[in-house]
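Trainee: Can you read through this structure? Questions will come right after.
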Amino acid sequence: MNHVVPPVVSPRIALVSCGLNLGGSTTFLCNFAGELVRRNLPVQVLSFQRNNPLASDFSGQNIPLLCLDERRCIFEDRMSRVLAELRQFRPTAVIACLGSESFEVLRYLPAGVLRVGMAQADDPLIYPGIARYAAHLDQVAVVSPEMKRKMQAQPALARHPVHYLPYGVPMPERPPTRSFGAGQTPLRILYLGRVEREQKRVQLFPQMLDQLKASGIPFHCTVAGDGSEKA
């Protein structure tokens, strides 16, 4: 019997986000799309908002990018534009990277297009928000083992593959220890990011500093950022 071998389809990946504000999710999006470009894989990035502080980073890696202006166009018009761009691009996979706007796009994709929902923050609102789109998702990607556990616990996603995509700094099970004594260089700690409770959990900083003081370890701590908890 002759077996028919299906043709190999080269992946064409579209990455959709509600916006490209400065932060980890946009940095990841830029790095991921840039690597696809380096591998000569067709990719397109679409954003529902105009702001793009990493514009030079995207253009420097030759990443095809569309940023729509929310000040000039209502949501429905921007959705129509995104869908028109996707029809022209003909993706084999669409990844909703951030925000409900990007997940709304998944509702209108034709059969055969892989629909992936991305979760990039261990926030209580993330899980039920993504679960609401279960009927329009094929797979889910998360960025920590804890997020994978919580996502799999959502009843609506029980049959959906949930993939752990590590994009942070891996922490060893047994981190190396360091001894601190009088006259030694102090431990230097830098926090760079939003000074907010949501996602960043900066309310833990005073507790961490109290523990450092109690340990007797000499240290110097710098917080570089702004946000609602700055005071």
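Labels used: A, B, ... for chains in the order of the structure tokens, numbers from 1 for residues in each chain, and numbers from 1 for ligands as shown.
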For Gly24 of chain A, work out the shell of residues within 10 Å, counting only C-alpha atoms and skipping chain neighbours fewer than 4 positions away, then give it as JSON, numbers by chain.

Mentor: {"A": [20, 28, 29, 30, 120, 121, 167, 168, 193]}

Trainee: Restrict the selected residues to C-alpha atoms and save them as a JSON list (two decimals), in the first residue's frame.

Mentor:
```json
[["chain", "number", "residue", "atom", "x", "y", "z"],
["A", 20, "LEU", "CA", 4.01, 47.04, 23.44],
["A", 28, "PHE", "CA", 10.32, 38.76, 25.25],
["A", 29, "LEU", "CA", 8.18, 39.44, 22.18],
["A", 30, "CYS", "CA", 11.01, 41.34, 20.51],
["A", 120, "GLN", "CA", 3.38, 36.05, 31.24],
["A", 121, "ALA", "CA", 2.52, 36.97, 34.83],
["A", 167, "TYR", "CA", 12.32, 32.87, 29.63],
["A", 168, "GLY", "CA", 13.56, 34.09, 32.97],
["A", 193, "GLY", "CA", 11.09, 47.57, 37.35]]
```

Trainee: Excluding segment 33-44 of chain A and residues on its chain fewer than 2 positions from it, collect all residues at most 8 Å away from it, counting only C-alpha atoms, and give them as a PyMOL selection string.

Mentor: chain A and resi 10-15+29-31+46+58+61-65+89

Trainee: For each of A:Ala156, A:Val16, A:Leu22, A:Met118, take the minimum atom-to-atom distance to Leu68 of chain A, counting only C-alpha atoms, then give the residue where this is smallest.

Mentor: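 Looking only at the distances to Leu68 of chain A, the closest residue turns out to be A:Val16.
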
Trainee: Could you list, as a ChimeraX atom specification, every residue within 12 Å of segment 131-136 of chain A, counting only C-alpha atoms and ignoring same-chain residues fewer than 5 positions away?

Mentor: /A:94-96,99-111,113-119,125-126,150-162

Trainee: Measure the distance from atom CA of Leu190 of chain A to atom CA of Met208 of chain A in Å and round it to one decimal.

Mentor: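 One can read the atom CA of Leu190 of chain A to atom CA of Met208 of chain A distance as 13.0 Å.
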
Trainee: Quick check for you: according to DSSP on this backbone, which residues of segment 3-98 of chain A are classed as helix (DSSP H, G or I)? Reply as a PyMOL selection string.

Mentor: chain A and resi 24-38+55-60+75-89

Trainee: Quick check for you: according to DSSP on this backbone, which residues of segment 83-141 of chain A are classed as strand (DSSP E or B)? Reply as a ChimeraX atom specification.

Mentor: /A:93-98,114-119,139-141

Trainee: Output C-alpha atoms for every residue in the selection just made, as a compact mmCIF listing (two decimals), in the first residue's frame.

Mentor:
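Result written to part_9.txt:
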```txt
# COMPACT_ATOMS: atom_id res chain seq x y z
CA ALA A 93 -0.03 29.80 14.16
CA VAL A 94 -1.28 32.87 16.01
CA ILE A 95 -0.04 33.56 19.54
CA ALA A 96 -2.13 35.88 21.71
CA CYS A 97 0.63 37.40 23.82
CA LEU A 98 -0.98 39.93 26.13
CA LEU A 114 -2.94 26.88 15.61
CA ARG A 115 -4.26 29.19 18.34
CA VAL A 116 -1.97 29.69 21.33
CA GLY A 117 -2.65 31.80 24.42
CA MET A 118 0.36 33.21 26.27
CA ALA A 119 0.41 34.03 30.00
CA GLN A 139 -2.70 25.37 23.52
CA VAL A 140 -1.50 27.59 26.35
CA ALA A 141 2.06 28.75 27.08
```

Trainee: Which neighbours of Ile189 of chain A fall inside 9 Å, counting only C-alpha atoms, when residues of the same chain fewer than 2 positions from it are skipped, and could you give them as a ChimeraX atom specification?

Mentor: /A:187,191,219-223
